[in-house]
Amino acid sequence: MEAGPKELPPLPSAVDGKVVLRLAPYPSGPLHIGNARAFLLNDAYAKRYHGRLLLVFDDTIGSEEKPLLPEAFDQVREGLEWAGVEFQEVLYKSDRIPLHYEWAEKLLATGEAYVDECDAETLRKNREARKACVHRTQDVDETIAMWKAMLSGEYREGEAVVRLKTDMADPNPAFRDRVLFRIAEREHPRVGSRYRVWPMLEFSWAVDDALLGITHVLRGKDLVMEDLMETRIWDDLGIERRPAFVHFGILRFKDIELSKSTYRKMIAEGRLTGIDDPRTWSLQSLRRRGIRPAALRDFVLSFGLSLNDIEVPVETLYAENRRRIDKEANRYFFVPDPVAVEIAGLPPIERVKAPLHPEVPGRGDREIPVGPKVHVAKEDFSKFRGKEVRLKDFCNVMLDHRATFVSLENKDIPKIQWVTHGVNVHLVLPDGSESRGLGEPLVASLKVDDVVQFERIGFARIDHVSKAEVRAFFAHR
RNA sequence: GCUCCCGUAGUCUAGUCCGGUCAAGGAUCGGGGCCUUUCGAGCCUCAGACGCGGGUUCGAAUCCCGCCGGGAGCACCA
């Protein structure tokens, strides 16, 4: 196969122009690299079939441990926009609660569902023991009355839930009378305290996937049980038109643990600098490092629809990104941990020229002022001290604190970068640490968003430029 | 434990449905070389895989059975 984006397998019974897909982010924080598979796959298929992609915020009330975050709605959209995901409509689960109630009432009326007053602990124990509680067999009128009481606030949080009568003896414990609605007295960032009875994910999707005319649900393998639940609810309600379910395996990254709630906590505690801290692996942080959306896309889409659970090294993403930024990135010298070196016997030269990009001569040269006092990286200094090295694009010296000039001509010896005087640079690394040093003078005239390559260090995106210093974010080698 | 899913090189993936064109293709990683005033890029090259065992068949990565290994789910989260 030729290089280039791999073609995705076709979607089952997909008709060009008729496909409707949906994205279901839970707004607890910005999207991160681990969410990329879901949203990019949906976007790619929507485009391929000239269909519609709906952004449906999954903002049911969540839980104490996983609360909704008001600013997450915009953070999610910002990330999607950066990633080039095009959706045609934005919807909120929290606007659709009355529809969920309607469906619930149908199930309650037919006796397919019931209101249960058992507390969470009892419910769990009964489930384990495959034991039904008294409420399962109460009559419909009573159930309806209890439902009304839930809505009107006669029950407090935790005092009643709506459960679907699946089967208390189902071999899968998760499938034993699943909870459909619960009471939450928490404030919702969008609708405040308008509702106190909130649907669980699979019920809300059973309603919305049907009502919104979704044709294909693309979701991770971890959500297969939700298929079963949605299907069961459609069966109970006689819903004919249903989406097809398509799954993909779990995507993990080697040595990276992703968790929106953990990062949110760490940001609150000041242990991370913000939602675009590189340690969060949020889309915002990738942008900040100079990762191209197209690189992310091709990288993630290359996994296809495989049901394999995979663990991939981020280096593969870096390789994809390097291909894209290498041509554009101009080359500059950055000397981390500078060590001062004074060169004796230097001919009177004031400046040297070096190409901005070795493969694109048309881009011109950069001028670097030179003089007897230079700085080299501490690491290079200790490695080459006492040996002859070439200060790249300048001259050859015997390296020491008091170095001696050898010659000007290019020699086949180790070449290191150097700076006479320049601008303070600090480079933020992916692990959050910072590398401080000096950049050649031209670095001060770079603009925010420029992606450059610090020779022998790697690619970085310029994040902030001021008189005093330049801050850059390291992308990768 | 129960339910479901998956097993092609170090990693990811194509091929598996409809057995032969697969003495298994691509990417990445690794080795070597060329080129290059970067430890980057480019070019050439080498190495590396069908989890195991049976069966069906003229023929199996592809079909069947068993085993082994890995993963996910089992919340009044999503």
# chains A, B, ... in the order shown; residues from 1 in each chain; ligands from 1
>>> interface_residues(of="chain B", to="chain A", cutoff="7 Å", atoms="only C-alpha atoms (C1' of nucleotides)", output="CSV table (one decimal) with N, CA, C and O atoms (P, O5', C5', C4', C3', O3' and C1' of nucleotides), in the first residue's frame")
chain,number,residue,atom,x,y,z
B,2,C,P,-16.9,-18.6,36.4
B,2,C,O5',-18.0,-17.5,36.0
B,2,C,C5',-19.3,-17.6,36.4
B,2,C,C4',-20.1,-16.4,36.1
B,2,C,C3',-20.0,-15.9,34.7
B,2,C,O3',-20.9,-16.6,33.9
B,2,C,C1',-19.6,-14.1,36.1
B,3,U,P,-20.6,-16.9,32.3
B,3,U,O5',-20.8,-15.4,31.7
B,3,U,C5',-22.1,-14.9,31.5
B,3,U,C4',-22.0,-13.5,30.9
B,3,U,C3',-21.2,-13.5,29.6
B,3,U,O3',-22.0,-13.8,28.5
B,3,U,C1',-20.5,-11.7,31.1
B,6,C,P,-14.0,-10.6,18.9
B,6,C,O5',-12.5,-10.3,19.2
B,6,C,C5',-11.9,-9.0,18.9
B,6,C,C4',-10.5,-9.0,19.4
B,6,C,C3',-9.5,-10.1,18.9
B,6,C,O3',-9.0,-9.7,17.7
B,6,C,C1',-9.3,-9.9,21.3
B,11,U,P,5.2,-6.5,20.9
B,11,U,O5',5.0,-5.0,20.5
B,11,U,C5',4.8,-4.0,21.5
B,11,U,C4',4.5,-2.7,20.8
B,11,U,C3',3.3,-2.7,19.9
B,11,U,O3',2.1,-2.6,20.6
B,11,U,C1',5.0,-1.6,18.7
B,12,C,P,0.8,-3.3,20.2
B,12,C,O5',0.3,-2.5,18.8
B,12,C,C5',-0.3,-1.3,19.0
B,12,C,C4',-0.4,-0.6,17.6
B,12,C,C3',-1.2,-1.4,16.6
B,12,C,O3',-2.6,-1.3,16.8
B,12,C,C1',0.7,-0.5,15.6
B,13,U,P,-3.6,-2.5,16.2
B,13,U,O5',-3.4,-2.4,14.6
B,13,U,C5',-4.0,-1.3,13.9
B,13,U,C4',-3.5,-1.3,12.5
B,13,U,C3',-4.0,-2.5,11.6
B,13,U,O3',-5.3,-2.2,11.1
B,13,U,C1',-1.7,-2.2,11.3
B,25,G,P,5.8,-9.3,3.0
B,25,G,O5',5.6,-7.8,2.5
B,25,G,C5',5.0,-7.6,1.2
B,25,G,C4',4.0,-6.5,1.2
B,25,G,C3',4.4,-5.3,2.2
B,25,G,O3',5.3,-4.4,1.6
B,25,G,C1',2.2,-5.9,2.6
B,26,G,P,6.5,-3.7,2.5
B,26,G,O5',5.6,-2.6,3.1
B,26,G,C5',4.9,-1.6,2.3
B,26,G,C4',4.1,-0.7,3.2
B,26,G,C3',4.8,0.0,4.4
B,26,G,O3',5.4,1.1,3.9
B,26,G,C1',2.8,-1.0,5.2
B,28,U,P,7.9,5.3,8.9
B,28,U,O5',7.9,4.9,10.5
B,28,U,C5',7.2,5.7,11.4
B,28,U,C4',7.2,5.0,12.8
B,28,U,C3',8.6,4.6,13.3
B,28,U,O3',9.3,5.7,13.9
B,28,U,C1',7.2,2.8,13.5
B,37,U,P,27.5,19.8,4.4
B,37,U,O5',27.6,20.2,5.9
B,37,U,C5',27.9,19.2,6.9
B,37,U,C4',27.8,19.9,8.3
B,37,U,C3',26.5,20.6,8.5
B,37,U,O3',25.8,20.0,9.5
B,37,U,C1',28.3,22.0,9.0
B,38,U,P,25.1,18.7,9.7
B,38,U,O5',24.5,19.0,11.1
B,38,U,C5',25.3,19.0,12.2
B,38,U,C4',24.5,18.7,13.4
B,38,U,C3',23.7,17.4,13.3
B,38,U,O3',24.6,16.3,13.9
B,38,U,C1',22.3,19.1,14.0
B,39,C,P,24.3,14.8,13.5
B,39,C,O5',23.1,14.4,14.5
B,39,C,C5',22.7,13.0,14.5
B,39,C,C4',21.9,12.8,15.8
B,39,C,C3',20.7,13.7,15.9
B,39,C,O3',19.5,13.0,15.8
B,39,C,C1',21.9,13.7,17.9
B,71,G,P,-4.0,-8.0,30.9
B,71,G,O5',-5.2,-7.3,30.2
B,71,G,C5',-5.0,-6.2,29.4
B,71,G,C4',-6.3,-5.9,28.6
B,71,G,C3',-7.5,-5.5,29.4
B,71,G,O3',-7.4,-4.2,29.9
B,71,G,C1',-8.2,-7.0,27.8
B,72,A,P,-8.2,-3.7,31.2
B,72,A,O5',-9.7,-3.7,30.7
B,72,A,C5',-10.1,-2.7,29.7
B,72,A,C4',-11.5,-2.9,29.3
B,72,A,C3',-12.5,-2.9,30.4
B,72,A,O3',-12.9,-1.6,30.7
B,72,A,C1',-12.9,-4.8,29.1
B,73,G,P,-13.3,-1.3,32.2
B,73,G,O5',-14.8,-1.9,32.3
B,73,G,C5',-15.8,-1.4,31.6
B,73,G,C4',-17.0,-2.3,31.7
B,73,G,C3',-17.4,-2.6,33.1
B,73,G,O3',-18.2,-1.5,33.7
B,73,G,C1',-17.4,-4.6,31.9
B,74,C,P,-18.2,-1.3,35.2
B,74,C,O5',-18.9,-2.5,35.9
B,74,C,C5',-20.3,-2.7,35.7
B,74,C,C4',-20.7,-4.0,36.3
B,74,C,C3',-20.3,-4.2,37.8
B,74,C,O3',-21.3,-3.6,38.6
B,74,C,C1',-19.8,-6.1,36.5
B,76,C,P,-25.5,1.3,41.1
B,76,C,O5',-26.0,2.8,41.0
B,76,C,C5',-26.8,3.2,39.9
B,76,C,C4',-27.1,4.6,40.3
B,76,C,C3',-25.8,5.2,40.9
B,76,C,O3',-25.3,6.2,40.1
B,76,C,C1',-27.8,5.6,42.3
B,77,C,P,-24.9,7.6,40.1
B,77,C,O5',-23.4,7.6,39.5
B,77,C,C5',-23.2,7.2,38.2
B,77,C,C4',-22.1,8.0,37.7
B,77,C,C3',-22.2,8.2,36.2
B,77,C,O3',-23.1,9.3,35.9
B,77,C,C1',-20.0,7.7,36.8
B,78,A,P,-23.9,9.2,34.5
B,78,A,O5',-22.8,9.4,33.4
B,78,A,C5',-22.1,10.6,33.2
B,78,A,C4',-20.9,10.3,32.3
B,78,A,C3',-21.3,9.8,30.9
B,78,A,O3',-21.6,10.8,30.0
B,78,A,C1',-19.6,8.4,31.9
>>> residues_around(residues="stretch 281-285 of chain A", least_positions_apart="5", cutoff="12 Å", atoms="only C-alpha atoms (C1' of nucleotides)", output="ChimeraX atom specification")
/A:29-36,39,72,74-84,253,256-260,263-264,272-276,290-293,296-297,314,428-432,461,463,473-475
>>> select_by_dssp(residues="stretch 17-236 of chain A", states="strand (DSSP E or B)", output="MDAnalysis selection string")
chainID A and resid 20:23 32 52:57 89:92 113:116 161:164 179:183 188 192 197:199 216:220
>>> write_last_selection(atoms="N, CA and C atoms", output="mmCIF file, in the first residue's frame")
data_model
loop_
_atom_site.group_PDB
_atom_site.id
_atom_site.type_symbol
_atom_site.label_atom_id
_atom_site.label_comp_id
_atom_site.auth_asym_id
_atom_site.auth_seq_id
_atom_site.Cartn_x
_atom_site.Cartn_y
_atom_site.Cartn_z
ATOM 1 N N VAL A 20 -25.948 9.516 10.191
ATOM 2 C CA VAL A 20 -25.995 10.475 11.294
ATOM 3 C C VAL A 20 -25.212 9.894 12.466
ATOM 4 N N LEU A 21 -24.191 10.616 12.883
ATOM 5 C CA LEU A 21 -23.345 10.159 13.980
ATOM 6 C C LEU A 21 -23.382 11.180 15.099
ATOM 7 N N ARG A 22 -22.924 10.744 16.243
ATOM 8 C CA ARG A 22 -22.900 11.700 17.353
ATOM 9 C C ARG A 22 -21.648 11.545 18.192
ATOM 10 N N LEU A 23 -21.268 12.679 18.741
ATOM 11 C CA LEU A 23 -20.146 12.742 19.671
ATOM 12 C C LEU A 23 -20.757 12.962 21.038
ATOM 13 N N HIS A 32 -8.795 14.959 25.856
ATOM 14 C CA HIS A 32 -7.373 14.665 25.779
ATOM 15 C C HIS A 32 -7.087 13.604 24.728
ATOM 16 N N ARG A 52 -24.161 13.637 8.815
ATOM 17 C CA ARG A 52 -24.235 14.666 9.844
ATOM 18 C C ARG A 52 -23.577 14.177 11.120
ATOM 19 N N LEU A 53 -22.901 15.100 11.776
ATOM 20 C CA LEU A 53 -22.283 14.772 13.051
ATOM 21 C C LEU A 53 -22.871 15.692 14.111
ATOM 22 N N LEU A 54 -23.438 15.103 15.131
ATOM 23 C CA LEU A 54 -24.047 15.880 16.208
ATOM 24 C C LEU A 54 -23.128 15.883 17.422
ATOM 25 N N LEU A 55 -22.947 17.066 17.963
ATOM 26 C CA LEU A 55 -22.203 17.141 19.223
ATOM 27 C C LEU A 55 -23.246 17.180 20.333
ATOM 28 N N VAL A 56 -23.339 16.091 21.076
ATOM 29 C CA VAL A 56 -24.339 16.017 22.135
ATOM 30 C C VAL A 56 -23.609 15.949 23.472
ATOM 31 N N PHE A 57 -23.622 17.038 24.172
ATOM 32 C CA PHE A 57 -22.953 17.041 25.477
ATOM 33 C C PHE A 57 -23.671 16.096 26.422
ATOM 34 N N GLU A 89 -24.433 20.332 14.573
ATOM 35 C CA GLU A 89 -25.412 20.750 15.556
ATOM 36 C C GLU A 89 -24.854 20.488 16.953
ATOM 37 N N VAL A 90 -25.220 21.330 17.882
ATOM 38 C CA VAL A 90 -24.796 21.127 19.262
ATOM 39 C C VAL A 90 -26.027 20.947 20.130
ATOM 40 N N LEU A 91 -26.051 19.865 20.874
ATOM 41 C CA LEU A 91 -27.200 19.588 21.734
ATOM 42 C C LEU A 91 -26.709 19.305 23.138
ATOM 43 N N TYR A 92 -27.614 19.460 24.063
ATOM 44 C CA TYR A 92 -27.266 19.198 25.455
ATOM 45 C C TYR A 92 -28.259 18.207 26.039
ATOM 46 N N ALA A 113 -40.603 -1.185 34.188
ATOM 47 C CA ALA A 113 -39.672 -0.559 35.129
ATOM 48 C C ALA A 113 -40.412 -0.270 36.421
ATOM 49 N N TYR A 114 -39.670 -0.086 37.490
ATOM 50 C CA TYR A 114 -40.295 0.201 38.773
ATOM 51 C C TYR A 114 -39.440 1.137 39.603
ATOM 52 N N VAL A 115 -40.094 1.743 40.578
ATOM 53 C CA VAL A 115 -39.356 2.613 41.483
ATOM 54 C C VAL A 115 -38.946 1.791 42.693
ATOM 55 N N ASP A 116 -37.689 1.894 43.043
ATOM 56 C CA ASP A 116 -37.144 1.092 44.125
ATOM 57 C C ASP A 116 -36.642 2.010 45.235
ATOM 58 N N VAL A 161 -34.801 5.067 43.255
ATOM 59 C CA VAL A 161 -34.291 5.007 41.885
ATOM 60 C C VAL A 161 -35.326 4.312 41.008
ATOM 61 N N VAL A 162 -35.202 4.537 39.703
ATOM 62 C CA VAL A 162 -36.026 3.784 38.759
ATOM 63 C C VAL A 162 -35.160 2.667 38.215
ATOM 64 N N ARG A 163 -35.689 1.456 38.238
ATOM 65 C CA ARG A 163 -34.920 0.328 37.709
ATOM 66 C C ARG A 163 -35.693 -0.374 36.617
ATOM 67 N N LEU A 164 -34.940 -0.889 35.647
ATOM 68 C CA LEU A 164 -35.538 -1.650 34.565
ATOM 69 C C LEU A 164 -35.619 -3.105 34.999
ATOM 70 N N VAL A 179 -30.238 0.343 37.038
ATOM 71 C CA VAL A 179 -30.839 1.625 37.423
ATOM 72 C C VAL A 179 -30.951 2.532 36.194
ATOM 73 N N LEU A 180 -32.118 3.154 36.045
ATOM 74 C CA LEU A 180 -32.383 4.023 34.896
ATOM 75 C C LEU A 180 -32.334 5.507 35.271
ATOM 76 N N PHE A 181 -32.865 5.790 36.472
ATOM 77 C CA PHE A 181 -32.879 7.181 36.957
ATOM 78 C C PHE A 181 -32.484 7.193 38.420
ATOM 79 N N ARG A 182 -31.861 8.271 38.828
ATOM 80 C CA ARG A 182 -31.585 8.449 40.241
ATOM 81 C C ARG A 182 -31.793 9.918 40.584
ATOM 82 N N ILE A 183 -31.839 10.185 41.864
ATOM 83 C CA ILE A 183 -32.040 11.562 42.315
ATOM 84 C C ILE A 183 -30.689 12.189 42.627
ATOM 85 N N HIS A 188 -26.792 21.922 38.576
ATOM 86 C CA HIS A 188 -26.264 21.657 37.240
ATOM 87 C C HIS A 188 -25.748 22.952 36.631
ATOM 88 N N GLY A 192 -29.195 24.446 36.350
ATOM 89 C CA GLY A 192 -29.362 24.716 37.771
ATOM 90 C C GLY A 192 -30.064 23.603 38.514
ATOM 91 N N VAL A 197 -34.374 14.576 39.230
ATOM 92 C CA VAL A 197 -34.319 13.184 38.793
ATOM 93 C C VAL A 197 -33.570 13.141 37.468
ATOM 94 N N TRP A 198 -32.467 12.426 37.474
ATOM 95 C CA TRP A 198 -31.594 12.414 36.295
ATOM 96 C C TRP A 198 -31.441 11.010 35.717
ATOM 97 N N PRO A 199 -31.453 10.900 34.390
ATOM 98 C CA PRO A 199 -31.292 9.583 33.757
ATOM 99 C C PRO A 199 -29.831 9.117 33.809
ATOM 100 N N HIS A 216 -25.508 5.273 13.308
ATOM 101 C CA HIS A 216 -24.406 4.434 13.764
ATOM 102 C C HIS A 216 -23.846 4.993 15.060
ATOM 103 N N VAL A 217 -23.704 4.133 16.021
ATOM 104 C CA VAL A 217 -23.070 4.540 17.267
ATOM 105 C C VAL A 217 -21.672 3.952 17.285
ATOM 106 N N LEU A 218 -20.686 4.812 17.218
ATOM 107 C CA LEU A 218 -19.294 4.361 17.273
ATOM 108 C C LEU A 218 -18.799 4.604 18.686
ATOM 109 N N ARG A 219 -18.523 3.539 19.381
ATOM 110 C CA ARG A 219 -18.048 3.720 20.749
ATOM 111 C C ARG A 219 -16.999 2.688 21.106
ATOM 112 N N GLY A 220 -16.291 2.970 22.148
ATOM 113 C CA GLY A 220 -15.237 2.067 22.603
ATOM 114 C C GLY A 220 -15.823 0.765 23.111
#
>>> atom_distance(atom1="atom CA of A:Arg194", atom2="atom CA of A:Leu99")
14.4 Å
>>> select_by_dssp(residues="stretch 43-291 of chain A", states="alpha helix (DSSP H)", output="VMD selection string")
chain A and resid 43 to 48 72 to 82 97 to 109 120 to 129 140 to 152 201 to 211 224 to 237 260 to 268 283 to 289
>>> atom_distance(atom1="atom CA of A:Met168", atom2="atom CA of A:Arg196")
27.1 Å
>>> residues_around(residues="B:U56", least_positions_apart="4", cutoff="12 Å", atoms="only C-alpha atoms (C1' of nucleotides)", output="NGL selection string")
:B and (19 or 60 or 63-65)
>>> residues_around(residues="B:A9", least_positions_apart="4", cutoff="10 Å", atoms="only C-alpha atoms (C1' of nucleotides)", output="ChimeraX atom specification")
/B:47-50
>>> residues_around(residues="A:Ile343", least_positions_apart="4", cutoff="10 Å", atoms="only C-alpha atoms (C1' of nucleotides)", output="list of chain:residue names")
A:Gly371, A:Pro372, A:Lys373, A:Val374, A:Val397, A:Met398, A:Leu399, A:Asp400, A:His401, A:Arg402, A:Ala403, A:Thr404, A:Phe405, A:Val406
>>> write_last_selection(atoms="C-alpha atoms", output="mmCIF file, in the first residue's frame")
data_model
loop_
_atom_site.group_PDB
_atom_site.id
_atom_site.type_symbol
_atom_site.label_atom_id
_atom_site.label_comp_id
_atom_site.auth_asym_id
_atom_site.auth_seq_id
_atom_site.Cartn_x
_atom_site.Cartn_y
_atom_site.Cartn_z
ATOM 1 C CA GLY A 371 33.250 36.908 19.584
ATOM 2 C CA PRO A 372 35.785 35.316 21.880
ATOM 3 C CA LYS A 373 33.231 34.777 24.601
ATOM 4 C CA VAL A 374 30.765 32.005 23.832
ATOM 5 C CA VAL A 397 38.251 24.969 18.950
ATOM 6 C CA MET A 398 39.982 22.945 21.601
ATOM 7 C CA LEU A 399 37.252 23.060 24.159
ATOM 8 C CA ASP A 400 37.815 24.270 27.712
ATOM 9 C CA HIS A 401 36.918 27.234 29.848
ATOM 10 C CA ARG A 402 39.849 28.829 28.155
ATOM 11 C CA ALA A 403 39.530 27.368 24.713
ATOM 12 C CA THR A 404 41.938 27.774 21.825
ATOM 13 C CA PHE A 405 41.017 28.564 18.278
ATOM 14 C CA VAL A 406 42.057 25.873 15.818
#
>>> closest_residue(among="B:C52, B:C29, B:C5, B:C46", to="B:G70", atoms="only C-alpha atoms (C1' of nucleotides)")
B:C5
>>> atom_distance(atom1="atom CA of A:Phe381", atom2="atom CA of A:Val341")
9.1 Å
>>> residues_around(residues="A:Thr231", least_positions_apart="2", cutoff="12 Å", atoms="only C-alpha atoms (C1' of nucleotides)", output="PyMOL selection string")
chain A and resi 166+202-203+205-207+209-210+224-229+233-245
>>> write_last_selection(atoms="N, CA, C and O atoms", output="tab-separated table (two decimals), in the first residue's frame")
chain	number	residue	atom	x	y	z
A	166	THR	N	-34.92	-6.13	34.12
A	166	THR	CA	-34.25	-7.00	33.15
A	166	THR	C	-34.42	-8.42	33.65
A	166	THR	O	-35.35	-9.11	33.27
A	202	GLU	N	-27.08	5.05	29.89
A	202	GLU	CA	-27.63	4.16	28.86
A	202	GLU	C	-29.10	4.42	28.58
A	202	GLU	O	-29.56	4.26	27.46
A	203	PHE	N	-29.83	4.89	29.58
A	203	PHE	CA	-31.22	5.21	29.31
A	203	PHE	C	-31.31	6.47	28.46
A	203	PHE	O	-32.06	6.52	27.48
A	205	TRP	N	-29.27	7.57	26.40
A	205	TRP	CA	-28.87	7.29	25.02
A	205	TRP	C	-29.90	6.45	24.29
A	205	TRP	O	-30.06	6.60	23.08
A	206	ALA	N	-30.57	5.59	25.00
A	206	ALA	CA	-31.62	4.82	24.35
A	206	ALA	C	-32.66	5.78	23.79
A	206	ALA	O	-33.14	5.63	22.67
A	207	VAL	N	-32.97	6.81	24.54
A	207	VAL	CA	-33.94	7.80	24.09
A	207	VAL	C	-33.37	8.64	22.96
A	207	VAL	O	-33.97	8.76	21.88
A	209	ASP	N	-30.52	8.40	21.03
A	209	ASP	CA	-30.07	7.76	19.80
A	209	ASP	C	-31.26	7.49	18.89
A	209	ASP	O	-31.18	7.61	17.67
A	210	ALA	N	-32.39	7.12	19.48
A	210	ALA	CA	-33.59	6.86	18.69
A	210	ALA	C	-34.20	8.16	18.17
A	210	ALA	O	-34.45	8.32	16.98
A	224	VAL	N	-19.77	-1.76	25.57
A	224	VAL	CA	-20.64	-2.75	24.92
A	224	VAL	C	-21.91	-3.04	25.73
A	224	VAL	O	-22.96	-3.32	25.16
A	225	MET	N	-21.79	-2.97	27.04
A	225	MET	CA	-22.98	-3.28	27.83
A	225	MET	C	-24.08	-2.25	27.57
A	225	MET	O	-25.26	-2.56	27.68
A	226	GLU	N	-23.65	-1.04	27.23
A	226	GLU	CA	-24.63	0.00	26.93
A	226	GLU	C	-25.46	-0.38	25.71
A	226	GLU	O	-26.65	-0.07	25.64
A	227	ASP	N	-24.83	-1.05	24.75
A	227	ASP	CA	-25.58	-1.53	23.57
A	227	ASP	C	-26.72	-2.41	24.03
A	227	ASP	O	-27.87	-2.29	23.57
A	228	LEU	N	-26.36	-3.34	24.89
A	228	LEU	CA	-27.34	-4.32	25.36
A	228	LEU	C	-28.50	-3.63	26.05
A	228	LEU	O	-29.67	-3.98	25.85
A	229	MET	N	-28.17	-2.64	26.87
A	229	MET	CA	-29.21	-1.92	27.59
A	229	MET	C	-30.09	-1.11	26.65
A	229	MET	O	-31.32	-1.11	26.77
A	233	ILE	N	-34.13	-1.65	25.98
A	233	ILE	CA	-35.13	-0.59	26.15
A	233	ILE	C	-35.94	-0.40	24.86
A	233	ILE	O	-37.16	-0.24	24.89
A	234	TRP	N	-35.27	-0.47	23.73
A	234	TRP	CA	-35.99	-0.34	22.46
A	234	TRP	C	-36.95	-1.51	22.27
A	234	TRP	O	-38.05	-1.33	21.76
A	235	ASP	N	-36.52	-2.67	22.66
A	235	ASP	CA	-37.38	-3.85	22.58
A	235	ASP	C	-38.64	-3.60	23.40
A	235	ASP	O	-39.76	-3.82	22.95
A	236	ASP	N	-38.46	-3.16	24.64
A	236	ASP	CA	-39.57	-2.93	25.54
A	236	ASP	C	-40.55	-1.90	25.00
A	236	ASP	O	-41.75	-1.98	25.21
A	237	LEU	N	-39.98	-0.90	24.33
A	237	LEU	CA	-40.82	0.20	23.85
A	237	LEU	C	-41.25	0.05	22.40
A	237	LEU	O	-41.94	0.91	21.85
A	238	GLY	N	-40.82	-1.04	21.77
A	238	GLY	CA	-41.21	-1.28	20.39
A	238	GLY	C	-40.63	-0.29	19.41
A	238	GLY	O	-41.27	0.10	18.44
A	239	ILE	N	-39.42	0.17	19.68
A	239	ILE	CA	-38.77	1.10	18.76
A	239	ILE	C	-38.15	0.29	17.61
A	239	ILE	O	-37.32	-0.59	17.85
A	240	GLU	N	-38.56	0.60	16.39
A	240	GLU	CA	-38.08	-0.18	15.24
A	240	GLU	C	-36.76	0.36	14.67
A	240	GLU	O	-35.85	-0.40	14.37
A	241	ARG	N	-36.72	1.65	14.52
A	241	ARG	CA	-35.58	2.27	13.86
A	241	ARG	C	-34.44	2.43	14.86
A	241	ARG	O	-34.54	3.19	15.81
A	242	ARG	N	-33.38	1.70	14.66
A	242	ARG	CA	-32.27	1.75	15.62
A	242	ARG	C	-30.95	1.91	14.91
A	242	ARG	O	-30.78	1.46	13.80
A	243	PRO	N	-30.02	2.52	15.62
A	243	PRO	CA	-28.68	2.65	15.04
A	243	PRO	C	-27.94	1.32	15.09
A	243	PRO	O	-28.30	0.42	15.85
A	244	ALA	N	-26.92	1.21	14.27
A	244	ALA	CA	-26.02	0.06	14.35
A	244	ALA	C	-24.91	0.42	15.33
A	244	ALA	O	-24.51	1.57	15.41
A	245	PHE	N	-24.45	-0.55	16.07
A	245	PHE	CA	-23.37	-0.30	17.02
A	245	PHE	C	-22.05	-0.75	16.41
A	245	PHE	O	-21.96	-1.85	15.87
